[in-house]
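Visitor: Just so it is clear, I am handing over target16.txt, which has compact mmCIF, C-alpha atoms.
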# COMPACT_ATOMS: atom_id res chain seq x y z
CA MET Y 118 7.71 -9.66 -16.26
CA LYS Y 119 6.74 -6.00 -16.70
CA PHE Y 120 9.15 -3.38 -15.39
CA ASP Y 121 6.20 -1.52 -13.85
CA TYR Y 122 8.11 1.41 -12.25
CA LEU Y 123 10.02 -0.89 -9.96
CA LYS Y 124 10.89 0.26 -6.44
CA GLY Y 125 13.90 -1.47 -4.95
CA SER Y 126 17.49 -2.53 -5.53
CA ILE Y 127 18.46 -3.43 -9.08
CA VAL Y 128 21.85 -5.12 -9.19
CA ALA Y 129 24.23 -3.83 -11.86
CA MET Y 130 25.55 -7.31 -12.63
CA VAL Y 131 29.16 -8.12 -13.34
CA THR Y 132 29.86 -10.34 -16.30
CA PRO Y 133 31.89 -13.26 -14.91
CA PHE Y 134 34.80 -14.35 -17.09
CA HIS Y 135 37.04 -17.40 -17.15
CA GLU Y 136 40.78 -16.83 -16.78
CA ASP Y 137 41.08 -17.02 -20.59
CA GLY Y 138 38.63 -14.12 -20.89
CA SER Y 139 35.63 -16.05 -22.16
CA VAL Y 140 32.23 -15.58 -20.52
CA ASN Y 141 31.65 -17.97 -17.61
CA PHE Y 142 28.01 -18.89 -18.10
CA GLU Y 143 27.99 -21.39 -15.22
CA ALA Y 144 29.12 -18.66 -12.82
CA LEU Y 145 26.55 -16.29 -14.33
CA THR Y 146 23.78 -18.81 -13.65
CA ASN Y 147 24.92 -19.25 -10.05
CA LEU Y 148 25.06 -15.49 -9.48
CA LEU Y 149 21.61 -14.91 -10.93
CA GLU Y 150 20.09 -17.63 -8.77
CA TRP Y 151 21.85 -16.20 -5.70
CA HIS Y 152 20.58 -12.70 -6.38
CA ILE Y 153 17.00 -13.85 -6.72
CA ALA Y 154 17.27 -15.92 -3.53
CA GLU Y 155 18.75 -12.91 -1.69
CA GLY Y 156 15.86 -10.62 -2.59
CA THR Y 157 17.30 -8.53 -5.41
CA ASP Y 158 14.39 -6.64 -6.96
CA GLY Y 159 15.72 -6.48 -10.51
CA ILE Y 160 18.66 -7.49 -12.70
CA LEU Y 161 20.61 -5.10 -14.92
CA THR Y 162 22.88 -6.81 -17.42
CA LEU Y 163 25.37 -5.12 -19.77
CA GLY Y 164 25.72 -1.99 -17.68
CA THR Y 165 29.04 -0.34 -16.91
CA THR Y 166 29.72 -2.97 -14.24
CA GLY Y 167 29.12 -5.68 -16.84
CA GLU Y 168 32.12 -4.50 -18.94
CA TYR Y 169 30.06 -4.41 -22.12
CA PRO Y 170 32.52 -2.05 -23.91
CA THR Y 171 35.06 -4.91 -24.01
CA MET Y 172 32.57 -7.48 -25.30
CA SER Y 173 31.56 -8.30 -28.86
CA HIS Y 174 27.99 -7.85 -30.05
CA GLU Y 175 27.65 -11.64 -30.16
CA GLU Y 176 28.85 -11.94 -26.56
CA ASP Y 177 26.45 -9.20 -25.49
CA ALA Y 178 23.54 -11.05 -27.07
CA SER Y 179 24.55 -14.40 -25.56
CA VAL Y 180 24.76 -12.88 -22.05
CA VAL Y 181 21.34 -11.26 -22.49
CA ALA Y 182 19.77 -14.48 -23.76
CA HIS Y 183 21.27 -16.50 -20.90
CA THR Y 184 20.19 -13.97 -18.27
CA ILE Y 185 16.61 -13.83 -19.53
CA LYS Y 186 16.41 -17.62 -19.71
CA VAL Y 187 17.76 -18.20 -16.19
CA VAL Y 188 15.71 -15.42 -14.55
CA ASN Y 189 12.60 -16.72 -16.32
CA GLY Y 190 10.35 -13.84 -15.33
CA ARG Y 191 11.01 -14.03 -11.59
CA VAL Y 192 12.28 -10.43 -11.47
CA PRO Y 193 12.54 -7.78 -14.19
CA VAL Y 194 15.59 -7.92 -16.46
CA ILE Y 195 16.89 -4.57 -17.66
CA VAL Y 196 19.43 -4.61 -20.47
CA GLY Y 197 21.99 -1.94 -21.25
CA SER Y 198 21.60 -1.31 -24.97
CA GLY Y 199 23.29 2.08 -25.03
CA SER Y 200 25.85 3.23 -27.55
CA ASN Y 201 27.42 6.49 -28.64
CA CYS Y 202 26.08 5.63 -32.09
CA THR Y 203 22.32 6.17 -32.08
CA ALA Y 204 21.74 3.74 -34.96
CA THR Y 205 23.60 1.01 -33.07
CA GLN Y 206 21.64 1.78 -29.92
CA VAL Y 207 18.37 1.43 -31.85
CA GLU Y 208 19.49 -1.85 -33.41
CA LYS Y 209 20.55 -3.37 -30.09
CA SER Y 210 17.43 -2.09 -28.31
CA ILE Y 211 15.14 -3.78 -30.84
CA GLU Y 212 17.15 -7.00 -30.63
CA TYR Y 213 17.03 -7.15 -26.83
CA GLN Y 214 13.33 -6.33 -26.81
CA GLU Y 215 12.72 -9.26 -29.14
CA MET Y 216 14.82 -11.49 -26.86
CA GLY Y 217 12.49 -10.72 -23.95
CA ALA Y 218 14.09 -7.83 -22.04
CA ASP Y 219 11.68 -6.11 -19.66
CA ALA Y 220 13.33 -2.68 -19.97
CA LEU Y 221 16.35 -0.97 -21.51
CA LEU Y 222 19.08 1.28 -20.10
CA LEU Y 223 20.22 3.97 -22.55
CA ILE Y 224 23.47 5.80 -21.90
CA ALA Y 225 24.31 9.38 -22.88
CA PRO Y 226 26.49 9.41 -26.02
CA TYR Y 227 30.11 9.21 -24.88
CA TYR Y 228 33.25 10.47 -26.65
CA ASN Y 229 31.45 12.18 -29.53
CA LYS Y 230 29.03 13.73 -26.97
CA ALA Y 231 26.19 15.76 -28.53
CA ASN Y 232 24.61 19.18 -28.67
CA VAL Y 233 21.31 19.65 -26.82
CA GLU Y 234 19.00 18.64 -29.65
CA GLY Y 235 21.23 15.73 -30.62
CA MET Y 236 21.18 14.50 -27.03
CA TYR Y 237 17.36 14.61 -27.02
CA ARG Y 238 17.07 12.79 -30.34
CA HIS Y 239 19.61 10.13 -29.31
CA PHE Y 240 17.18 8.94 -26.64
CA ALA Y 241 13.87 9.83 -28.27
CA GLU Y 242 14.58 8.02 -31.54
CA THR Y 243 15.46 4.87 -29.62
CA ALA Y 244 12.35 5.07 -27.44
CA ASP Y 245 10.25 5.63 -30.57
CA LYS Y 246 11.43 2.33 -32.06
CA VAL Y 247 10.73 0.03 -29.09
CA LYS Y 248 7.67 -0.84 -27.03
CA ILE Y 249 9.32 -1.64 -23.71
CA PRO Y 250 10.26 0.91 -21.02
CA CYS Y 251 13.53 2.82 -21.34
CA LEU Y 252 15.67 4.30 -18.57
CA LEU Y 253 18.07 7.16 -19.23
CA TYR Y 254 21.59 6.75 -17.85
CA ASN Y 255 23.42 9.88 -16.73
CA VAL Y 256 27.03 9.12 -15.81
CA PRO Y 257 29.23 12.07 -16.85
CA GLY Y 258 32.29 10.60 -15.16
CA ARG Y 259 32.20 7.90 -17.84
CA THR Y 260 30.71 9.72 -20.81
CA GLY Y 261 32.30 13.16 -20.50
CA CYS Y 262 28.88 14.80 -20.76
CA SER Y 263 25.75 15.19 -18.68
CA ILE Y 264 22.18 14.99 -19.92
CA PRO Y 265 20.85 18.55 -19.53
CA VAL Y 266 17.92 18.88 -17.15
CA SER Y 267 15.92 20.49 -19.97
CA VAL Y 268 16.45 17.37 -22.08
CA VAL Y 269 15.41 15.07 -19.24
CA GLU Y 270 12.26 17.18 -18.83
CA ARG Y 271 11.36 16.68 -22.50
CA LEU Y 272 12.18 12.98 -22.45
CA ALA Y 273 10.16 12.41 -19.26
CA LYS Y 274 7.04 13.13 -21.33
CA HIS Y 275 7.84 10.29 -23.76
CA PRO Y 276 5.51 7.33 -23.09
CA ASN Y 277 8.37 4.80 -23.34
CA ILE Y 278 10.86 6.68 -21.13
CA VAL Y 279 10.07 5.82 -17.53
CA GLY Y 280 13.03 7.00 -15.48
CA ILE Y 281 16.69 7.82 -15.07
CA LYS Y 282 19.69 6.18 -13.48
CA GLU Y 283 21.39 9.25 -12.05
CA ALA Y 284 25.06 8.51 -11.44
CA SER Y 285 26.67 11.93 -11.46
CA GLY Y 286 26.81 12.16 -7.66
CA ASP Y 287 25.58 15.75 -8.02
CA MET Y 288 22.71 16.18 -5.56
CA SER Y 289 21.83 19.58 -7.01
CA TYR Y 290 21.30 17.99 -10.43
CA ALA Y 291 19.29 15.17 -8.85
CA ALA Y 292 17.12 17.68 -7.00
CA LYS Y 293 16.32 19.47 -10.26
CA ILE Y 294 15.33 16.15 -11.87
CA ALA Y 295 13.19 15.36 -8.84
CA ALA Y 296 11.52 18.77 -8.91
CA HIS Y 297 10.78 18.90 -12.64
CA CYS Y 298 10.55 15.31 -13.88
CA VAL Y 299 9.79 12.74 -11.18
CA GLY Y 300 6.18 11.63 -10.84
CA PRO Y 301 3.91 8.62 -11.30
CA GLU Y 302 5.32 7.94 -14.78
CA PHE Y 303 8.99 8.87 -14.34
CA ALA Y 304 11.27 7.40 -11.67
CA LEU Y 305 14.62 8.44 -10.25
CA TYR Y 306 17.17 5.73 -9.39
CA SER Y 307 20.43 6.38 -7.61
CA GLY Y 308 23.41 5.22 -9.63
CA ASN Y 309 25.66 5.76 -6.60
CA ASP Y 310 25.54 3.38 -3.64
CA ASP Y 311 26.87 5.98 -1.21
CA ILE Y 312 23.79 8.20 -1.59
CA ILE Y 313 20.85 5.77 -1.82
CA VAL Y 314 19.04 7.34 1.14
CA PRO Y 315 19.64 10.97 0.10
CA MET Y 316 18.34 10.18 -3.39
CA MET Y 317 15.26 8.49 -1.98
CA SER Y 318 14.62 11.53 0.19
CA LEU Y 319 14.18 13.46 -3.07
CA GLY Y 320 11.56 10.98 -4.24
CA GLY Y 321 13.83 8.29 -5.66
CA SER Y 322 12.55 4.78 -6.28
CA GLY Y 323 15.72 2.90 -5.36
CA VAL Y 324 19.19 2.13 -6.61
CA ILE Y 325 20.92 0.48 -9.54
CA SER Y 326 23.67 -0.96 -7.44
CA VAL Y 327 27.27 -2.15 -7.63
CA PHE Y 328 27.25 -2.86 -3.87
CA ALA Y 329 24.44 -5.36 -4.47
CA ASN Y 330 26.90 -7.65 -6.25
CA ILE Y 331 28.29 -8.57 -2.83
CA MET Y 332 25.44 -7.64 -0.45
CA PRO Y 333 22.17 -7.92 -2.40
CA LYS Y 334 20.03 -8.54 0.66
CA MET Y 335 21.34 -5.39 2.37
CA ALA Y 336 20.96 -3.21 -0.74
CA HIS Y 337 17.35 -4.41 -0.96
CA GLN Y 338 16.82 -3.79 2.75
CA ILE Y 339 18.04 -0.19 2.67
CA VAL Y 340 15.50 0.65 -0.01
CA ALA Y 341 12.70 -1.43 1.53
CA ASP Y 342 13.19 0.20 4.93
CA TYR Y 343 13.04 3.67 3.43
CA VAL Y 344 9.94 2.88 1.37
CA SER Y 345 8.18 1.43 4.44
CA GLY Y 346 8.93 4.56 6.47
CA ASN Y 347 11.74 3.12 8.58
CA THR Y 348 14.14 5.86 7.56
CA VAL Y 349 16.20 5.48 10.75
CA ALA Y 350 17.15 1.89 9.84
CA ALA Y 351 17.76 2.79 6.21
CA THR Y 352 20.07 5.64 7.20
CA ALA Y 353 21.89 3.53 9.79
CA ASN Y 354 22.70 0.85 7.20
CA GLN Y 355 23.64 3.43 4.57
CA LEU Y 356 26.24 4.78 6.98
CA LYS Y 357 27.29 1.39 8.37
CA TYR Y 358 28.40 0.22 4.93
CA LEU Y 359 29.68 3.55 3.64
CA ASP Y 360 33.39 2.73 3.97
CA LEU Y 361 32.87 -0.58 2.20
CA ILE Y 362 30.88 1.10 -0.58
CA ASN Y 363 33.61 3.71 -1.02
CA ASN Y 364 36.26 1.00 -1.25
CA LEU Y 365 34.27 -0.71 -3.99
CA PHE Y 366 35.31 2.34 -6.03
CA ILE Y 367 38.89 2.58 -4.77
CA GLU Y 368 39.85 1.77 -8.36
CA VAL Y 369 37.80 1.84 -11.56
CA ASN Y 370 34.56 -0.14 -11.34
CA PRO Y 371 34.22 -3.14 -11.64
CA ILE Y 372 37.80 -3.96 -10.65
CA PRO Y 373 37.19 -3.73 -6.86
CA VAL Y 374 33.77 -5.39 -6.82
CA LYS Y 375 35.07 -8.35 -8.81
CA ALA Y 376 38.00 -8.62 -6.40
CA ALA Y 377 35.54 -8.56 -3.48
CA MET Y 378 33.38 -11.23 -5.10
CA ASN Y 379 36.40 -13.45 -5.66
CA MET Y 380 37.44 -13.03 -2.02
CA MET Y 381 33.94 -14.21 -1.04
CA GLY Y 382 34.05 -17.21 -3.39
CA LEU Y 383 31.39 -15.75 -5.69
CA ASN Y 384 33.52 -16.30 -8.80
CA GLY Y 385 33.29 -12.98 -10.56
CA GLY Y 386 36.50 -13.87 -12.36
CA PRO Y 387 38.99 -11.38 -13.82
CA CYS Y 388 38.28 -8.17 -15.68
CA ARG Y 389 39.12 -7.72 -19.32
CA LEU Y 390 41.82 -5.32 -20.45
CA PRO Y 391 42.19 -2.39 -20.27
CA LEU Y 392 40.95 -3.09 -16.72
CA TYR Y 393 43.54 -4.92 -14.65
CA GLU Y 394 43.78 -6.40 -11.17
CA MET Y 395 43.98 -4.08 -8.15
CA THR Y 396 47.18 -3.02 -6.45
CA ALA Y 397 48.17 -4.90 -3.30
CA GLU Y 398 47.59 -1.77 -1.20
CA HIS Y 399 44.03 -1.30 -2.47
CA THR Y 400 43.28 -5.00 -2.17
CA ALA Y 401 44.32 -4.91 1.50
CA ALA Y 402 42.15 -1.85 2.13
CA LEU Y 403 39.14 -3.51 0.52
CA ARG Y 404 39.69 -6.73 2.43
CA ALA Y 405 39.91 -4.81 5.71
CA THR Y 406 36.55 -3.10 5.18
CA MET Y 407 34.96 -6.40 4.17
CA GLU Y 408 36.30 -8.01 7.34
CA GLY Y 409 35.01 -5.06 9.33
CA VAL Y 410 31.41 -5.76 8.31
CA GLY Y 411 31.70 -9.54 8.62
CA LEU Y 412 31.80 -10.44 4.93
CA LEU Y 413 35.12 -12.29 5.37
For the file at hand, write its structure as structure tokens.
Guide:
Amino acid sequence: MKFDYLKGSIVAMVTPFHEDGSVNFEALTNLLEWHIAEGTDGILTLGTTGEYPTMSHEEDASVVAHTIKVVNGRVPVIVGSGSNCTATQVEKSIEYQEMGADALLLIAPYYNKANVEGMYRHFAETADKVKIPCLLYNVPGRTGCSIPVSVVERLAKHPNIVGIKEASGDMSYAAKIAAHCVGPEFALYSGNDDIIVPMMSLGGSGVISVFANIMPKMAHQIVADYVSGNTVAATANQLKYLDLINNLFIEVNPIPVKAAMNMMGLNGGPCRLPLYEMTAEHTAALRATMEGVGLL
């Protein structure tokens, strides 16, 4: 399936693990089928929520292959192929393209960071080597650096770079991207579930969502209502679930969302170290907000 400048809710999938830490492919199949049945508009695998930094290259590839096989073209599959090593990012991007990915998510180079021209080339060289659409991923809270607006402007002109997952939470930055980059060939996606509606008011196309791991139908509905002009309903639901969304980040993602999934019987499994299970206090707070919206 072509990515085709998707408008909607793209779930940032967890990677379900067994208690021994191995990938639980049966649970992954069940989750993918559930998401499609619930109206999720797209699947992102190997994003931050998927814990790819703790997985081997072979595990990454096996999860991608399984996801593409199960989804079977019913919705677009976006694969996180990013790395702080540009050569590795290029290698993984080509591999996932050949496996059948519909689009790629490319993260800003973390830890080593980059100067302005290096940041541009990190993305541009990858996009030059593949033929499928690429999304930039700006998440300075994880990477320690932000993609400069001037770099996004340059990259937005690249024929293979079709949008950005903006997860800084900085509405001023997002507004600059919207003003200078967003158009028919470059989309803005919220990377923060608490500001889906505000981002769409700037011209955003939807959300790449952690919240959708537990409420995919609602994440889809918020975007669909806004796109259809029912902004009152979209805003009401954004605010209705705000406390729950905030508690999904009460500890480092994806610790809380996996805990929530396990409470619901969705079998997200444990996280891999260095991520560890939530404190009892935070677990109680998360459970209370889930009960408050009828999830438990």
Visitor: Within 8 Å of segment 234-241 of chain Y, which residues of segment 265-351 of chain Y come that close, and what is the closest atom pair and distance in Å for each? Count all atoms listed in the file and give it as CSV.
Guide:
residue,atom,partner,partner_atom,distance
Y:Val268,CA,Y:Tyr237,CA,5.7
Y:Arg271,CA,Y:Tyr237,CA,7.8
Y:Leu272,CA,Y:Ala241,CA,6.8
Y:His275,CA,Y:Ala241,CA,7.5
Visitor: Any chance you could export the current selection's C-alpha atoms as a short mmCIF file (atom, residue, chain, number, x, y, z; two decimals), in the coordinates of the input?
Guide:
data_model
loop_
_atom_site.label_atom_id
_atom_site.label_comp_id
_atom_site.auth_asym_id
_atom_site.auth_seq_id
_atom_site.Cartn_x
_atom_site.Cartn_y
_atom_site.Cartn_z
CA VAL Y 268 16.45 17.37 -22.08
CA ARG Y 271 11.36 16.68 -22.50
CA LEU Y 272 12.18 12.98 -22.45
CA HIS Y 275 7.84 10.29 -23.76
#
Visitor: Fewer than 4 positions away in the same chain doesn't count, so skip those; otherwise give me all residues within 10 Å of Leu390 of chain Y, counting only C-alpha atoms, as a short mmCIF file (atom, residue, chain, number, x, y, z; two decimals) with C-alpha atoms, in the frame of the given file.
Guide:
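Output file out.cif is given in full below:
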data_model
loop_
_atom_site.label_atom_id
_atom_site.label_comp_id
_atom_site.auth_asym_id
_atom_site.auth_seq_id
_atom_site.Cartn_x
_atom_site.Cartn_y
_atom_site.Cartn_z
CA GLY Y 138 38.63 -14.12 -20.89
CA GLU Y 168 32.12 -4.50 -18.94
CA THR Y 171 35.06 -4.91 -24.01
CA GLU Y 394 43.78 -6.40 -11.17
#
Visitor: Between atom CA of Asn201 of chain Y and atom CA of Tyr227 of chain Y, what is the spacing in Å?
Guide: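 Here the two named atoms are 5.4 Å from each other.
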Visitor: For His337 of chain Y, which residue out of Y:Ser289, Y:Ser198, Y:Asn354, Y:Asn141 is the nearest one, using all atoms listed in the file?
Guide: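 For His337 of chain Y, the nearest of the candidates is Y:Asn354.
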Visitor: Compare Y:Leu403, Y:Val314, Y:Ala244, Y:Val233 by their minimum atom-to-atom distance to Met381 of chain Y, counting all atoms listed in the file, and give me the closest one.
Guide: Y:Leu403
Visitor: At a cut-off of 7 Å, using all atoms listed in the file, what residues contact Ser200 of chain Y? Leave out same-chain residues fewer than 4 positions from it and give the result as a list in words.
Guide: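 Selected residues are Thr205, Gln206, Ile224 and Pro226 of chain Y.
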Visitor: Can you find the residues with an atom no farther than 10 Å from (30.4, -19.4, -13.5), counting only C-alpha atoms, and report them as a PyMOL selection string?
Guide: chain Y and resi 132-135+140-148+383-386
Visitor: State, in Å with one decimal place, the distance from atom CA of Gly197 of chain Y to atom CA of Glu368 of chain Y.
Guide: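 It comes out at 22.3 Å.
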Visitor: Go through Y:Asp310, Y:Leu253, Y:Leu392, Y:Pro315 one by one, measure the shortest atom-to-atom distance of each to Asn363 of chain Y using all atoms listed in the file, and give the residue with the smallest value.
Guide: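 Of Y:Asp310, Y:Leu253, Y:Leu392, Y:Pro315, the one nearest Asn363 of chain Y, counting all atoms listed in the file, is Y:Asp310.
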Visitor: Looking at Y:Pro391, Y:Gly280, Y:Pro373, Y:Pro301, which one is nearest to Leu252 of chain Y, with distances taken over all atoms listed in the file?
Guide: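 Counting all atoms listed in the file, the residue closest to Leu252 of chain Y is Y:Gly280.
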Visitor: Determine the nearest neighbour of Val207 of chain Y from the options Y:Val128, Y:Met288, Y:Leu361, Y:Leu223, counting only C-alpha atoms.
Guide: Y:Leu223
Visitor: Taking N, CA and C atoms as the atom set, what does segment 295-330 of chain Y look like once completed, written as a compact mmCIF listing (two decimals), in the frame of the given file?
Guide:
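Generated output (selection-v8.txt):
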# COMPACT_ATOMS: atom_id res chain seq x y z
N ALA Y 295 14.30 15.70 -9.72
CA ALA Y 295 13.19 15.36 -8.84
C ALA Y 295 12.09 16.41 -8.89
N ALA Y 296 12.49 17.67 -8.93
CA ALA Y 296 11.52 18.77 -8.91
C ALA Y 296 10.74 18.88 -10.21
N HIS Y 297 11.40 18.61 -11.34
CA HIS Y 297 10.78 18.90 -12.64
C HIS Y 297 10.33 17.68 -13.43
N CYS Y 298 10.80 16.49 -13.04
CA CYS Y 298 10.55 15.31 -13.88
C CYS Y 298 9.88 14.16 -13.14
N VAL Y 299 10.23 13.94 -11.89
CA VAL Y 299 9.79 12.74 -11.18
C VAL Y 299 8.30 12.83 -10.87
N GLY Y 300 7.61 11.71 -11.11
CA GLY Y 300 6.18 11.63 -10.84
C GLY Y 300 5.72 10.21 -11.05
N PRO Y 301 4.44 9.98 -11.17
CA PRO Y 301 3.91 8.62 -11.30
C PRO Y 301 4.42 7.87 -12.52
N GLU Y 302 4.89 8.60 -13.54
CA GLU Y 302 5.32 7.94 -14.78
C GLU Y 302 6.80 8.15 -15.08
N PHE Y 303 7.56 8.68 -14.13
CA PHE Y 303 8.99 8.87 -14.34
C PHE Y 303 9.71 8.74 -13.01
N ALA Y 304 10.61 7.75 -12.93
CA ALA Y 304 11.27 7.40 -11.67
C ALA Y 304 12.73 7.83 -11.67
N LEU Y 305 13.22 8.08 -10.48
CA LEU Y 305 14.62 8.44 -10.25
C LEU Y 305 15.30 7.31 -9.48
N TYR Y 306 16.39 6.78 -10.05
CA TYR Y 306 17.17 5.73 -9.39
C TYR Y 306 18.57 6.26 -9.12
N SER Y 307 19.05 6.02 -7.93
CA SER Y 307 20.43 6.38 -7.61
C SER Y 307 21.38 5.44 -8.36
N GLY Y 308 22.35 6.02 -9.02
CA GLY Y 308 23.41 5.22 -9.63
C GLY Y 308 24.64 5.18 -8.77
N ASN Y 309 24.53 5.72 -7.53
CA ASN Y 309 25.66 5.76 -6.60
C ASN Y 309 25.22 5.14 -5.28
N ASP Y 310 25.92 4.09 -4.86
CA ASP Y 310 25.54 3.38 -3.64
C ASP Y 310 25.75 4.19 -2.38
N ASP Y 311 26.60 5.20 -2.42
CA ASP Y 311 26.87 5.98 -1.21
C ASP Y 311 25.79 7.01 -0.90
N ILE Y 312 24.84 7.21 -1.82
CA ILE Y 312 23.79 8.20 -1.59
C ILE Y 312 22.40 7.64 -1.90
N ILE Y 313 22.17 6.37 -1.59
CA ILE Y 313 20.85 5.77 -1.82
C ILE Y 313 19.79 6.53 -1.02
N VAL Y 314 20.02 6.69 0.27
CA VAL Y 314 19.04 7.34 1.14
C VAL Y 314 18.82 8.80 0.76
N PRO Y 315 19.88 9.60 0.55
CA PRO Y 315 19.64 10.97 0.10
C PRO Y 315 18.83 11.06 -1.19
N MET Y 316 19.09 10.16 -2.13
CA MET Y 316 18.34 10.18 -3.39
C MET Y 316 16.88 9.80 -3.16
N MET Y 317 16.64 8.87 -2.27
CA MET Y 317 15.26 8.49 -1.98
C MET Y 317 14.53 9.60 -1.25
N SER Y 318 15.25 10.40 -0.49
CA SER Y 318 14.62 11.53 0.19
C SER Y 318 14.11 12.57 -0.79
N LEU Y 319 14.64 12.56 -2.01
CA LEU Y 319 14.18 13.46 -3.07
C LEU Y 319 13.02 12.86 -3.88
N GLY Y 320 12.62 11.64 -3.51
CA GLY Y 320 11.56 10.98 -4.24
C GLY Y 320 12.04 9.84 -5.10
N GLY Y 321 13.27 9.40 -4.88
CA GLY Y 321 13.83 8.29 -5.66
C GLY Y 321 13.12 6.98 -5.40
N SER Y 322 13.22 6.08 -6.37
CA SER Y 322 12.55 4.78 -6.28
C SER Y 322 13.50 3.65 -5.90
N GLY Y 323 14.78 3.95 -5.74
CA GLY Y 323 15.72 2.90 -5.36
C GLY Y 323 17.09 3.14 -5.94
N VAL Y 324 17.79 2.05 -6.20
CA VAL Y 324 19.19 2.13 -6.61
C VAL Y 324 19.46 1.09 -7.69
N ILE Y 325 20.32 1.45 -8.62
CA ILE Y 325 20.92 0.48 -9.54
C ILE Y 325 22.34 0.33 -9.04
N SER Y 326 22.63 -0.84 -8.45
CA SER Y 326 23.67 -0.96 -7.44
C SER Y 326 24.84 -1.85 -7.82
N VAL Y 327 26.05 -1.34 -7.57
CA VAL Y 327 27.27 -2.15 -7.63
C VAL Y 327 27.43 -2.93 -6.33
N PHE Y 328 27.20 -2.26 -5.20
CA PHE Y 328 27.25 -2.86 -3.87
C PHE Y 328 26.44 -4.14 -3.79
N ALA Y 329 25.31 -4.18 -4.50
CA ALA Y 329 24.44 -5.36 -4.47
C ALA Y 329 25.09 -6.60 -5.03
N ASN Y 330 26.19 -6.46 -5.77
CA ASN Y 330 26.90 -7.65 -6.25
C ASN Y 330 27.48 -8.47 -5.11
